[in-house]
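One file, data_27.pdb, carrying PDB, C-alpha atoms:
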ATOM      1  CA  MET A   1      -4.116   6.258  13.973
ATOM      2  CA  ILE A   2      -1.801   8.336  11.808
ATOM      3  CA  GLU A   3      -3.317  11.643  10.728
ATOM      4  CA  ILE A   4      -1.768  13.683   7.927
ATOM      5  CA  LYS A   5      -3.390  17.103   7.838
ATOM      6  CA  ASN A   6      -2.880  19.445   4.891
ATOM      7  CA  VAL A   7       0.829  18.588   4.703
ATOM      8  CA  THR A   8       3.102  20.263   2.176
ATOM      9  CA  LYS A   9       6.839  19.900   1.635
ATOM     10  CA  LYS A  10       8.878  21.856  -0.910
ATOM     11  CA  PHE A  11      12.437  21.494  -2.147
ATOM     12  CA  GLU A  12      13.868  24.499  -3.991
ATOM     13  CA  ASP A  13      10.354  25.996  -4.078
ATOM     14  CA  ARG A  14       8.983  22.936  -5.858
ATOM     15  CA  PRO A  15       6.182  21.120  -3.966
ATOM     16  CA  VAL A  16       7.087  17.435  -3.623
ATOM     17  CA  VAL A  17       4.186  16.769  -1.259
ATOM     18  CA  ASP A  18       1.301  19.116  -1.912
ATOM     19  CA  HIS A  19      -1.481  19.656   0.682
ATOM     20  CA  VAL A  20      -1.929  15.978   1.509
ATOM     21  CA  ASN A  21      -4.754  14.876   3.783
ATOM     22  CA  LEU A  22      -4.740  11.214   4.765
ATOM     23  CA  GLU A  23      -5.731   8.968   7.665
ATOM     24  CA  ILE A  24      -4.201   5.547   8.317
ATOM     25  CA  SER A  25      -6.308   3.531  10.729
ATOM     26  CA  GLU A  26      -4.908   1.046  13.210
ATOM     27  CA  GLY A  27      -4.958  -2.657  12.438
ATOM     28  CA  ASN A  28      -4.996  -2.251   8.638
ATOM     29  CA  PHE A  29      -2.332  -3.085   6.096
ATOM     30  CA  PHE A  30      -2.040   0.238   4.270
ATOM     31  CA  ALA A  31      -0.415   0.482   0.836
ATOM     32  CA  LEU A  32       0.570   3.848  -0.641
ATOM     33  CA  ILE A  33       0.865   3.463  -4.398
ATOM     34  CA  GLY A  34       2.529   5.856  -6.801
ATOM     35  CA  THR A  35       5.202   6.180  -9.447
ATOM     36  CA  ASN A  36       8.789   6.996  -8.591
ATOM     37  CA  GLY A  37       8.867  10.729  -7.892
ATOM     38  CA  ALA A  38       5.244  10.896  -6.730
ATOM     39  CA  GLY A  39       6.322  11.987  -3.233
ATOM     40  CA  LYS A  40       5.998   8.692  -1.339
ATOM     41  CA  SER A  41       9.466   8.732   0.231
ATOM     42  CA  THR A  42       9.204  12.395   1.232
ATOM     43  CA  LEU A  43       5.812  11.797   2.829
ATOM     44  CA  PHE A  44       7.170   8.801   4.746
ATOM     45  CA  ARG A  45      10.131  10.808   6.015
ATOM     46  CA  MET A  46       7.746  13.431   7.335
ATOM     47  CA  MET A  47       5.623  10.712   8.951
ATOM     48  CA  CYS A  48       8.761   9.530  10.730
ATOM     49  CA  GLY A  49       9.835  13.002  11.845
ATOM     50  CA  ILE A  50      12.930  13.130   9.644
ATOM     51  CA  TYR A  51      11.602  16.096   7.647
ATOM     52  CA  ARG A  52       9.543  18.912   9.094
ATOM     53  CA  PRO A  53       6.482  19.784   6.959
ATOM     54  CA  ASP A  54       6.486  23.286   5.497
ATOM     55  CA  GLU A  55       2.737  23.368   6.107
ATOM     56  CA  GLY A  56       0.295  21.196   8.032
ATOM     57  CA  GLU A  57       0.950  18.589  10.706
ATOM     58  CA  ILE A  58       1.311  14.840  11.188
ATOM     59  CA  LEU A  59      -0.031  13.148  14.312
ATOM     60  CA  ILE A  60       0.641   9.609  15.526
ATOM     61  CA  ASP A  61      -2.065   8.573  17.999
ATOM     62  CA  GLY A  62      -2.804  12.256  18.566
ATOM     63  CA  GLU A  63       0.835  13.283  19.162
ATOM     64  CA  PRO A  64       2.883  15.455  16.760
ATOM     65  CA  VAL A  65       5.693  13.333  15.396
ATOM     66  CA  TYR A  66       8.351  15.951  14.647
ATOM     67  CA  ASP A  67      10.672  16.478  17.660
ATOM     68  CA  HIS A  68       8.599  14.110  19.849
ATOM     69  CA  PRO A  69      10.571  10.964  20.804
ATOM     70  CA  GLU A  70       7.519   9.259  22.321
ATOM     71  CA  ALA A  71       5.654   9.438  19.020
ATOM     72  CA  LYS A  72       8.736   8.291  17.089
ATOM     73  CA  GLY A  73       9.061   5.271  19.372
ATOM     74  CA  LYS A  74       5.803   3.910  17.995
ATOM     75  CA  PHE A  75       7.206   3.066  14.566
ATOM     76  CA  PHE A  76      10.116   1.398  12.836
ATOM     77  CA  PHE A  77      11.042   2.990   9.515
ATOM     78  CA  ILE A  78      12.624   1.024   6.673
ATOM     79  CA  ALA A  79      13.971   3.247   3.886
ATOM     80  CA  ASP A  80      14.172   2.137   0.264
ATOM     81  CA  GLU A  81      17.928   1.726   0.783
ATOM     82  CA  PRO A  82      18.243   0.350   4.346
ATOM     83  CA  TYR A  83      21.130   1.705   6.400
ATOM     84  CA  PHE A  84      23.482  -0.480   8.412
ATOM     85  CA  PHE A  85      26.606   0.522  10.330
ATOM     86  CA  ALA A  86      29.819   0.101   8.367
ATOM     87  CA  ASN A  87      31.274  -3.412   8.745
ATOM     88  CA  ALA A  88      28.515  -4.364  11.205
ATOM     89  CA  THR A  89      27.349  -7.935  11.585
ATOM     90  CA  LEU A  90      23.680  -8.828  11.895
ATOM     91  CA  LYS A  91      24.259  -9.606  15.585
ATOM     92  CA  GLU A  92      25.708  -6.128  16.148
ATOM     93  CA  MET A  93      22.686  -4.510  14.485
ATOM     94  CA  GLU A  94      20.439  -6.608  16.690
ATOM     95  CA  LYS A  95      22.266  -5.325  19.799
ATOM     96  CA  TYR A  96      21.903  -1.748  18.580
ATOM     97  CA  TYR A  97      18.154  -1.973  17.986
ATOM     98  CA  ARG A  98      17.691  -3.637  21.378
ATOM     99  CA  THR A  99      18.973  -0.397  22.936
ATOM    100  CA  VAL A 100      16.592   1.724  20.838
ATOM    101  CA  TYR A 101      13.381  -0.309  21.115
ATOM    102  CA  PRO A 102      12.589  -1.576  24.634
ATOM    103  CA  ASN A 103      10.233  -4.291  23.368
ATOM    104  CA  PHE A 104      12.730  -5.731  20.874
ATOM    105  CA  ASP A 105      12.263  -9.530  20.735
ATOM    106  CA  ALA A 106      15.786 -10.929  20.298
ATOM    107  CA  ALA A 107      14.651 -14.561  20.481
ATOM    108  CA  MET A 108      12.131 -14.018  17.698
ATOM    109  CA  PHE A 109      14.670 -12.182  15.555
ATOM    110  CA  GLU A 110      17.329 -14.863  15.877
ATOM    111  CA  ASP A 111      14.791 -17.606  15.206
ATOM    112  CA  TYR A 112      13.564 -15.960  12.004
ATOM    113  CA  ALA A 113      17.095 -15.045  10.908
ATOM    114  CA  GLY A 114      18.007 -18.712  11.132
ATOM    115  CA  LYS A 115      14.935 -19.774   9.186
ATOM    116  CA  PHE A 116      15.733 -17.270   6.428
ATOM    117  CA  GLY A 117      19.360 -18.411   6.302
ATOM    118  CA  LEU A 118      20.868 -15.150   7.573
ATOM    119  CA  GLU A 119      24.086 -15.651   9.553
ATOM    120  CA  LEU A 120      24.229 -13.477  12.674
ATOM    121  CA  LYS A 121      28.032 -13.193  12.725
ATOM    122  CA  ARG A 122      28.395 -12.409   9.029
ATOM    123  CA  LYS A 123      29.078  -8.811   7.983
ATOM    124  CA  ILE A 124      26.028  -7.277   6.367
ATOM    125  CA  ASN A 125      28.082  -5.626   3.614
ATOM    126  CA  THR A 126      28.678  -9.126   2.242
ATOM    127  CA  PHE A 127      24.912  -9.775   1.979
ATOM    128  CA  SER A 128      23.096  -9.568  -1.338
ATOM    129  CA  LYS A 129      20.489  -6.821  -1.833
ATOM    130  CA  GLY A 130      17.694  -9.292  -1.127
ATOM    131  CA  MET A 131      19.389 -10.540   2.039
ATOM    132  CA  ARG A 132      19.795  -6.968   3.316
ATOM    133  CA  LYS A 133      16.091  -6.349   2.722
ATOM    134  CA  GLN A 134      15.246  -9.539   4.615
ATOM    135  CA  ALA A 135      17.533  -8.501   7.473
ATOM    136  CA  ILE A 136      16.020  -5.053   7.944
ATOM    137  CA  LEU A 137      12.469  -6.420   7.698
ATOM    138  CA  LEU A 138      13.185  -8.981  10.407
ATOM    139  CA  LEU A 139      14.772  -6.289  12.596
ATOM    140  CA  GLY A 140      11.703  -4.116  12.053
ATOM    141  CA  LEU A 141       9.283  -6.879  12.997
ATOM    142  CA  ALA A 142      11.342  -7.846  16.054
ATOM    143  CA  ALA A 143      11.283  -4.233  17.281
ATOM    144  CA  LYS A 144       7.595  -4.832  18.156
ATOM    145  CA  THR A 145       6.542  -1.291  17.347
ATOM    146  CA  LYS A 146       2.923  -0.416  16.721
ATOM    147  CA  TYR A 147       3.644   0.829  13.185
ATOM    148  CA  LEU A 148       6.087  -0.493  10.592
ATOM    149  CA  ILE A 149       6.691   1.974   7.743
ATOM    150  CA  CYS A 150       8.314   0.424   4.680
ATOM    151  CA  ASP A 151       9.489   2.312   1.586
ATOM    152  CA  GLU A 152       9.641  -0.061  -1.414
ATOM    153  CA  THR A 153      10.782  -2.755   1.002
ATOM    154  CA  PHE A 154       9.740  -5.776  -1.066
ATOM    155  CA  ASP A 155      11.786  -4.525  -4.006
ATOM    156  CA  GLY A 156      14.711  -6.903  -4.505
ATOM    157  CA  LEU A 157      13.081  -9.905  -2.827
ATOM    158  CA  ASP A 158      12.371 -12.991  -4.888
ATOM    159  CA  PRO A 159       8.726 -14.197  -4.956
ATOM    160  CA  VAL A 160       9.259 -16.839  -2.254
ATOM    161  CA  MET A 161      10.943 -14.441   0.182
ATOM    162  CA  ARG A 162       8.385 -11.718  -0.599
ATOM    163  CA  GLN A 163       5.545 -14.047   0.287
ATOM    164  CA  GLY A 164       7.385 -15.199   3.403
ATOM    165  CA  MET A 165       7.732 -11.624   4.651
ATOM    166  CA  LYS A 166       4.075 -10.881   3.929
ATOM    167  CA  THR A 167       3.132 -13.964   5.934
ATOM    168  CA  LEU A 168       5.184 -12.763   8.912
ATOM    169  CA  MET A 169       3.511  -9.357   8.768
ATOM    170  CA  ALA A 170       0.078 -10.962   8.666
ATOM    171  CA  LYS A 171       1.001 -13.102  11.672
ATOM    172  CA  GLU A 172       2.100 -10.030  13.639
ATOM    173  CA  MET A 173      -1.217  -8.364  12.819
ATOM    174  CA  GLU A 174      -3.046 -11.377  14.247
ATOM    175  CA  ASP A 175      -0.908 -11.580  17.389
ATOM    176  CA  ARG A 176      -0.717  -7.941  18.489
ATOM    177  CA  GLU A 177      -1.598  -4.314  17.789
ATOM    178  CA  PHE A 178       0.347  -3.831  14.585
ATOM    179  CA  THR A 179      -0.133  -1.690  11.479
ATOM    180  CA  PRO A 180       2.214  -2.142   8.496
ATOM    181  CA  ILE A 181       2.394   0.720   5.997
ATOM    182  CA  LEU A 182       4.013   0.057   2.642
ATOM    183  CA  ALA A 183       4.938   2.375  -0.221
ATOM    184  CA  SER A 184       5.157   0.778  -3.632
ATOM    185  CA  HIS A 185       4.896   1.548  -7.315
ATOM    186  CA  ASN A 186       3.517  -1.925  -8.013
ATOM    187  CA  LEU A 187      -0.193  -2.616  -7.583
ATOM    188  CA  ARG A 188       0.156  -6.367  -8.013
ATOM    189  CA  GLU A 189       2.738  -6.517  -5.233
ATOM    190  CA  THR A 190       0.276  -5.313  -2.605
ATOM    191  CA  GLU A 191      -3.074  -6.630  -3.801
ATOM    192  CA  ASP A 192      -2.926  -9.936  -1.933
ATOM    193  CA  ILE A 193      -2.320  -8.447   1.514
ATOM    194  CA  CYS A 194      -3.383  -4.792   1.807
ATOM    195  CA  ASP A 195      -6.667  -3.647   3.387
ATOM    196  CA  HIS A 196      -6.562   0.010   2.401
ATOM    197  CA  VAL A 197      -4.930   1.663  -0.603
ATOM    198  CA  GLY A 198      -3.966   5.258  -1.309
ATOM    199  CA  LEU A 199      -2.832   6.600  -4.665
ATOM    200  CA  LEU A 200      -0.290   9.424  -4.617
ATOM    201  CA  HIS A 201       0.260  11.417  -7.805
ATOM    202  CA  LYS A 202       2.391  14.540  -8.248
ATOM    203  CA  GLY A 203       2.566  15.043  -4.496
ATOM    204  CA  GLY A 204      -1.171  14.799  -3.849
ATOM    205  CA  VAL A 205      -3.459  11.971  -2.782
ATOM    206  CA  LEU A 206      -5.687  11.125  -5.733
ATOM    207  CA  LEU A 207      -7.788   8.648  -3.773
ATOM    208  CA  SER A 208      -7.697   6.626  -0.551
ATOM    209  CA  LYS A 209     -10.148   3.772  -0.129
ATOM    210  CA  ASP A 210     -10.769   0.491   1.633
ATOM    211  CA  LEU A 211      -9.840  -2.286  -0.792
ATOM    212  CA  MET A 212     -12.755  -4.566   0.117
ATOM    213  CA  ASP A 213     -15.247  -1.733  -0.350
ATOM    214  CA  MET A 214     -13.697  -0.995  -3.714
ATOM    215  CA  LYS A 215     -13.924  -4.626  -4.798
ATOM    216  CA  LEU A 216     -17.490  -5.097  -3.570
ATOM    217  CA  ASN A 217     -18.827  -1.931  -5.179
ATOM    218  CA  ILE A 218     -17.337  -2.119  -8.666
ATOM    219  CA  GLN A 219     -18.310  -4.842 -11.126
ATOM    220  CA  LYS A 220     -17.103  -5.801 -14.581
ATOM    221  CA  VAL A 221     -19.813  -7.119 -16.900
ATOM    222  CA  GLN A 222     -19.596  -8.653 -20.355
ATOM    223  CA  CYS A 223     -22.788  -9.119 -22.304
ATOM    224  CA  VAL A 224     -24.460  -9.345 -25.700
ATOM    225  CA  PHE A 225     -27.924  -7.803 -25.834
ATOM    226  CA  GLN A 226     -30.780  -9.492 -27.669
ATOM    227  CA  GLU A 227     -31.631  -6.036 -29.004
ATOM    228  CA  GLU A 228     -29.405  -2.946 -28.974
ATOM    229  CA  SER A 229     -32.200  -0.826 -27.490
ATOM    230  CA  GLN A 230     -32.068  -2.898 -24.275
ATOM    231  CA  LYS A 231     -28.726  -1.381 -23.342
ATOM    232  CA  GLU A 232     -30.286   1.822 -21.972
ATOM    233  CA  THR A 233     -32.766  -0.154 -19.857
ATOM    234  CA  ALA A 234     -30.062  -2.347 -18.322
ATOM    235  CA  LEU A 235     -27.848   0.631 -17.429
ATOM    236  CA  ALA A 236     -30.564   3.080 -16.383
ATOM    237  CA  ASP A 237     -29.942   2.709 -12.633
ATOM    238  CA  LEU A 238     -26.184   2.086 -12.805
ATOM    239  CA  GLU A 239     -23.169   4.415 -12.860
ATOM    240  CA  VAL A 240     -21.090   3.336 -15.841
ATOM    241  CA  MET A 241     -17.409   3.961 -15.231
ATOM    242  CA  GLN A 242     -16.087   2.384 -18.428
ATOM    243  CA  GLU A 243     -17.659   1.067 -21.598
ATOM    244  CA  GLU A 244     -16.101  -0.868 -24.458
ATOM    245  CA  LYS A 245     -17.637  -2.598 -27.461
ATOM    246  CA  ARG A 246     -16.112  -5.203 -29.744
ATOM    247  CA  GLY A 247     -18.550  -6.397 -32.338
ATOM    248  CA  SER A 248     -21.749  -7.186 -30.436
ATOM    249  CA  LEU A 249     -19.912  -7.831 -27.139
ATOM    250  CA  TYR A 250     -20.099  -5.041 -24.569
ATOM    251  CA  THR A 251     -17.770  -4.772 -21.592
ATOM    252  CA  PHE A 252     -18.928  -2.437 -18.819
ATOM    253  CA  THR A 253     -17.313  -1.422 -15.555
ATOM    254  CA  VAL A 254     -20.128  -0.238 -13.321
ATOM    255  CA  ARG A 255     -20.481   0.916  -9.747
ATOM    256  CA  GLY A 256     -22.695  -1.224  -7.506
ATOM    257  CA  THR A 257     -22.856  -4.554  -5.697
ATOM    258  CA  ARG A 258     -22.942  -7.831  -7.604
ATOM    259  CA  GLU A 259     -26.614  -8.281  -6.659
ATOM    260  CA  GLU A 260     -27.591  -4.775  -7.790
ATOM    261  CA  VAL A 261     -25.881  -5.199 -11.147
ATOM    262  CA  THR A 262     -27.338  -8.662 -11.724
ATOM    263  CA  ASN A 263     -30.848  -7.394 -10.969
ATOM    264  CA  CYS A 264     -30.474  -4.553 -13.470
ATOM    265  CA  PHE A 265     -29.372  -6.837 -16.282
ATOM    266  CA  ALA A 266     -32.095  -9.362 -15.401
ATOM    267  CA  GLN A 267     -34.645  -6.817 -16.646
ATOM    268  CA  VAL A 268     -33.536  -7.326 -20.259
ATOM    269  CA  ASP A 269     -32.932 -10.258 -22.587
ATOM    270  CA  THR A 270     -29.275 -11.026 -23.201
ATOM    271  CA  VAL A 271     -27.709 -13.567 -25.510
ATOM    272  CA  PHE A 272     -24.718 -13.669 -23.162
ATOM    273  CA  TYR A 273     -24.122 -12.217 -19.676
ATOM    274  CA  GLU A 274     -21.182 -12.685 -17.297
ATOM    275  CA  ALA A 275     -19.968 -10.785 -14.226
ATOM    276  CA  LEU A 276     -16.185 -10.945 -13.813
ATOM    277  CA  PRO A 277     -13.870 -10.223 -10.843
ATOM    278  CA  LEU A 278     -11.621  -7.187 -11.107
ATOM    279  CA  SER A 279      -7.993  -6.926 -10.114
ATOM    280  CA  LEU A 280      -6.780  -4.038  -7.970
ATOM    281  CA  GLU A 281      -5.159  -2.565 -11.057
ATOM    282  CA  GLU A 282      -8.461  -2.601 -12.977
ATOM    283  CA  ILE A 283     -10.259  -1.009 -10.028
ATOM    284  CA  PHE A 284      -7.699   1.797  -9.838
ATOM    285  CA  ILE A 285      -7.903   2.387 -13.573
ATOM    286  CA  SER A 286     -11.674   2.739 -13.293
ATOM    287  CA  GLU A 287     -11.621   4.963 -10.196
ATOM    288  CA  THR A 288      -8.989   7.347 -11.532
ATOM    289  CA  GLU A 289     -10.469   7.661 -15.009
ATOM    290  CA  VAL A 290     -13.730   8.777 -13.381
ATOM    291  CA  VAL A 291     -11.895  11.768 -11.858
ATOM    292  CA  GLY A 292     -10.075  12.548 -15.082
ATOM    293  CA  TYR A 293      -6.761  10.702 -14.756
ATOM    294  CA  ASP A 294      -5.298   7.853 -16.781
ATOM    295  CA  VAL A 295      -3.852   5.595 -14.094
ATOM    296  CA  LYS A 296      -2.067   3.531 -16.727
ATOM    297  CA  LYS A 297       0.265   6.511 -17.118
ATOM    298  CA  LEU A 298       0.582   7.033 -13.349
ATOM    299  CA  ILE A 299       1.334   3.495 -12.142
ATOM    300  CA  LEU A 300       4.303   1.403 -13.211
ATOM    301  CA  ASP A 301       3.929  -2.357 -13.664
TER     302      ASP A 301
END
For this file, produce the structure as structure tokens.
Amino acid sequence: MIEIKNVTKKFEDRPVVDHVNLEISEGNFFALIGTNGAGKSTLFRMMCGIYRPDEGEILIDGEPVYDHPEAKGKFFFIADEPYFFANATLKEMEKYYRTVYPNFDAAMFEDYAGKFGLELKRKINTFSKGMRKQAILLLGLAAKTKYLICDETFDGLDPVMRQGMKTLMAKEMEDREFTPILASHNLRETEDICDHVGLLHKGGVLLSKDLMDMKLNIQKVQCVFQEESQKETALADLEVMQEEKRGSLYTFTVRGTREEVTNCFAQVDTVFYEALPLSLEEIFISETEVVGYDVKKLILD
């Protein structure tokens, strides 16, 4: 588990990360969502021991990460702009990481590099942006660390390669003790694979929740009541997060299980009733509006 306890980091007296408390459990795919400038990269660099927090502490499996090589050996960090040695080939980077990570799986790396069409003897500075992202992701997976921390790592990959990398991460999670942690500004990019989502805004964590719990406990309902007075009866035992009306058609976002919501609306006569699935983006909009934020202004598409 990664524990972030009341962590603050300032640059020129401006808080970039502001009293963040967050736990990342083992065996989950964790996505940290936020706009550019929200503090994601700074938080990740503190998680990796690159920056020292001005306040608070970060523990990896109970060990402080800053200045502790054993804790740092448990993760592979991929920055938003991955670094490679000047004029290095992919083979040379493989040799380097084999000296850093004792469990580095060279056979796996070379197999996947071949499948993704990456030439081991080709200089990385001749690779496209997408190819460099593929290369560093494959190096990170082959390092066989417990945690893989990725900062906007899918940015620059085409849809096919993005899905291919997600599939490899999912396979690693099935095969061993492995926890990928991804920072992104795109909700849609992470919805199909993440288990737990945190929203970072202006240096603070706005919310952090299990995605399945979020999906199971928020429902979107469209209905037309037989009589307008039946609206209060249907919603009496429900927490309404959003309400919209167009003509006689109501659209509600309510908190509760599908069964609970259906039972409430079964008490009244409706001309039309339908429960609809919500996307991760819709869930975040609902959750953040409840606490007074407009997520549509916080999250970039």
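Among the candidates A:Thr89, A:Thr190, A:Thr42, A:Asn36, the residue lying nearest to Asn125 (chain A) is A:Thr89 (atoms considered: only C-alpha atoms).
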The PyMOL selection byres ((chain A and resi 116-119) around 12) resolved against shown file, as an MDAnalysis selection string: chainID A and resid 89:92 109:115 120:124 126:128 130:139 160:162 164:165 168
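Between CA of Leu22 (chain A) and CA of Met173 (chain A) the separation is 21.5 Å.
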Resolved residues for the PyMOL selection byres ((chain A and resi 40) around 12) as number ranges by chain: A: 9, 16-18, 20, 31-39, 41-47, 79-80, 149-152, 181-185, 198-205
Atomic separation - CA of Leu211 (chain A) relative to CA of Asp195 (chain A), Å: 5.4 Å
Test item: which residues lie within 10 Å of (-18.4, -16.4, -17.6) counting only C-alpha atoms, as a compact mmCIF listing (two decimals) with C-alpha atoms, in the coordinates of the input:
# COMPACT_ATOMS: atom_id res chain seq x y z
CA VAL A 221 -19.81 -7.12 -16.90
CA GLN A 222 -19.60 -8.65 -20.36
CA CYS A 223 -22.79 -9.12 -22.30
CA PHE A 272 -24.72 -13.67 -23.16
CA TYR A 273 -24.12 -12.22 -19.68
CA GLU A 274 -21.18 -12.68 -17.30
CA ALA A 275 -19.97 -10.78 -14.23
CA LEU A 276 -16.18 -10.94 -13.81
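Taking only C-alpha atoms into account, the polymer residues that have an atom no farther than 8 Å from (-8.9, 4.1, 3.0) are Glu23, Ile24, Phe30, His196, Val197, Gly198, Ser208, Lys209, Asp210 and Leu211 of chain A.
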For Pro180 (chain A): contacts at 6 Å, all atoms listed in the file, fewer than 3 positions along chain excluded, given as a list of chain:residue names: A:Phe29, A:Tyr147, A:Leu148
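Going from CA of Glu94 (chain A) over to CA of Pro64 (chain A), you cover 28.2 Å.
Residue nearest Glu259 (chain A), chosen from A:Tyr51, A:Asn28, A:Ile218, A:Glu232 and counting all atoms listed in the file: A:Ile218.
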Centre and edges of the region 70-88 of chain A box, axis-aligned, 6 Å extra per side, as lines of an AutoDock Vina configuration file:
center_x = 18.5
center_y = 2.5
center_z = 11.3
size_x = 37.6
size_y = 25.8
size_z = 34.1
Residues selected by the PyMOL selection byres ((chain A and resi 279) around 12), written as a list of chain:residue names: A:Leu187, A:Arg188, A:Glu189, A:Thr190, A:Glu191, A:Asp192, A:Leu211, A:Met212, A:Met214, A:Lys215, A:Leu216, A:Ile218, A:Gln219, A:Lys220, A:Leu276, A:Pro277, A:Leu278, A:Leu280, A:Glu281, A:Glu282, A:Ile283, A:Phe284, A:Ile285, A:Ser286
Save the residues we just selected, C-alpha atoms, as a compact mmCIF listing (two decimals), in the coordinates of the input?
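Contents of part_37.txt, as written:
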# COMPACT_ATOMS: atom_id res chain seq x y z
CA LEU A 187 -0.19 -2.62 -7.58
CA ARG A 188 0.16 -6.37 -8.01
CA GLU A 189 2.74 -6.52 -5.23
CA THR A 190 0.28 -5.31 -2.60
CA GLU A 191 -3.07 -6.63 -3.80
CA ASP A 192 -2.93 -9.94 -1.93
CA LEU A 211 -9.84 -2.29 -0.79
CA MET A 212 -12.76 -4.57 0.12
CA MET A 214 -13.70 -1.00 -3.71
CA LYS A 215 -13.92 -4.63 -4.80
CA LEU A 216 -17.49 -5.10 -3.57
CA ILE A 218 -17.34 -2.12 -8.67
CA GLN A 219 -18.31 -4.84 -11.13
CA LYS A 220 -17.10 -5.80 -14.58
CA LEU A 276 -16.18 -10.94 -13.81
CA PRO A 277 -13.87 -10.22 -10.84
CA LEU A 278 -11.62 -7.19 -11.11
CA LEU A 280 -6.78 -4.04 -7.97
CA GLU A 281 -5.16 -2.56 -11.06
CA GLU A 282 -8.46 -2.60 -12.98
CA ILE A 283 -10.26 -1.01 -10.03
CA PHE A 284 -7.70 1.80 -9.84
CA ILE A 285 -7.90 2.39 -13.57
CA SER A 286 -11.67 2.74 -13.29
Test item: residues at most 9 Å from Glu3 (chain A), all atoms listed in the file, excluding those fewer than 6 positions along its chain, as number ranges by chain: A: 21-25, 57-62
Residue contacts of Glu55 (chain A) (8 Å, only C-alpha atoms) excluding same-chain residues fewer than 3 positions away, as a ChimeraX atom specification: /A:6-9,19
Please save C-alpha atoms of the selected residues as a PDB file, keeping the file's coordinate frame.
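So selection01.pdb came out as:
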ATOM      1  CA  ASN A   6      -2.880  19.445   4.891  1.00  0.00           C
ATOM      2  CA  VAL A   7       0.829  18.588   4.703  1.00  0.00           C
ATOM      3  CA  THR A   8       3.102  20.263   2.176  1.00  0.00           C
ATOM      4  CA  LYS A   9       6.839  19.900   1.635  1.00  0.00           C
ATOM      5  CA  HIS A  19      -1.481  19.656   0.682  1.00  0.00           C
TER       6      HIS A  19
END
Nearby residues (only C-alpha atoms) at most 8 Å from Pro102 (chain A), same-chain spacing under 3 positions excluded, as a PyMOL selection string: chain A and resi 98-99+143
For region 42-53 of chain A, supply N, CA and C atoms and format the output as a PDB file, in the coordinates of the input.
ATOM      1  N   THR A  42       9.228  11.139   0.476  1.00  0.00           N
ATOM      2  CA  THR A  42       9.204  12.395   1.232  1.00  0.00           C
ATOM      3  C   THR A  42       8.095  12.376   2.268  1.00  0.00           C
ATOM      4  N   LEU A  43       6.925  11.888   1.886  1.00  0.00           N
ATOM      5  CA  LEU A  43       5.812  11.797   2.829  1.00  0.00           C
ATOM      6  C   LEU A  43       6.164  10.870   3.983  1.00  0.00           C
ATOM      7  N   PHE A  44       6.777   9.733   3.689  1.00  0.00           N
ATOM      8  CA  PHE A  44       7.170   8.801   4.746  1.00  0.00           C
ATOM      9  C   PHE A  44       8.192   9.425   5.689  1.00  0.00           C
ATOM     10  N   ARG A  45       9.123  10.180   5.159  1.00  0.00           N
ATOM     11  CA  ARG A  45      10.131  10.808   6.015  1.00  0.00           C
ATOM     12  C   ARG A  45       9.520  11.889   6.909  1.00  0.00           C
ATOM     13  N   MET A  46       8.459  12.500   6.459  1.00  0.00           N
ATOM     14  CA  MET A  46       7.746  13.431   7.335  1.00  0.00           C
ATOM     15  C   MET A  46       6.939  12.674   8.378  1.00  0.00           C
ATOM     16  N   MET A  47       6.357  11.535   7.995  1.00  0.00           N
ATOM     17  CA  MET A  47       5.623  10.712   8.951  1.00  0.00           C
ATOM     18  C   MET A  47       6.532  10.225  10.070  1.00  0.00           C
ATOM     19  N   CYS A  48       7.803  10.031   9.745  1.00  0.00           N
ATOM     20  CA  CYS A  48       8.761   9.530  10.730  1.00  0.00           C
ATOM     21  C   CYS A  48       9.486  10.648  11.475  1.00  0.00           C
ATOM     22  N   GLY A  49       9.202  11.896  11.143  1.00  0.00           N
ATOM     23  CA  GLY A  49       9.835  13.002  11.845  1.00  0.00           C
ATOM     24  C   GLY A  49      11.226  13.329  11.364  1.00  0.00           C
ATOM     25  N   ILE A  50      11.614  12.803  10.204  1.00  0.00           N
ATOM     26  CA  ILE A  50      12.930  13.130   9.644  1.00  0.00           C
ATOM     27  C   ILE A  50      12.887  14.510   9.002  1.00  0.00           C
ATOM     28  N   TYR A  51      11.831  14.774   8.227  1.00  0.00           N
ATOM     29  CA  TYR A  51      11.602  16.096   7.647  1.00  0.00           C
ATOM     30  C   TYR A  51      10.486  16.799   8.414  1.00  0.00           C
ATOM     31  N   ARG A  52      10.614  18.100   8.529  1.00  0.00           N
ATOM     32  CA  ARG A  52       9.543  18.912   9.094  1.00  0.00           C
ATOM     33  C   ARG A  52       8.661  19.423   7.940  1.00  0.00           C
ATOM     34  N   PRO A  53       7.355  19.252   8.016  1.00  0.00           N
ATOM     35  CA  PRO A  53       6.482  19.784   6.959  1.00  0.00           C
ATOM     36  C   PRO A  53       6.600  21.305   6.878  1.00  0.00           C
TER      37      PRO A  53
END
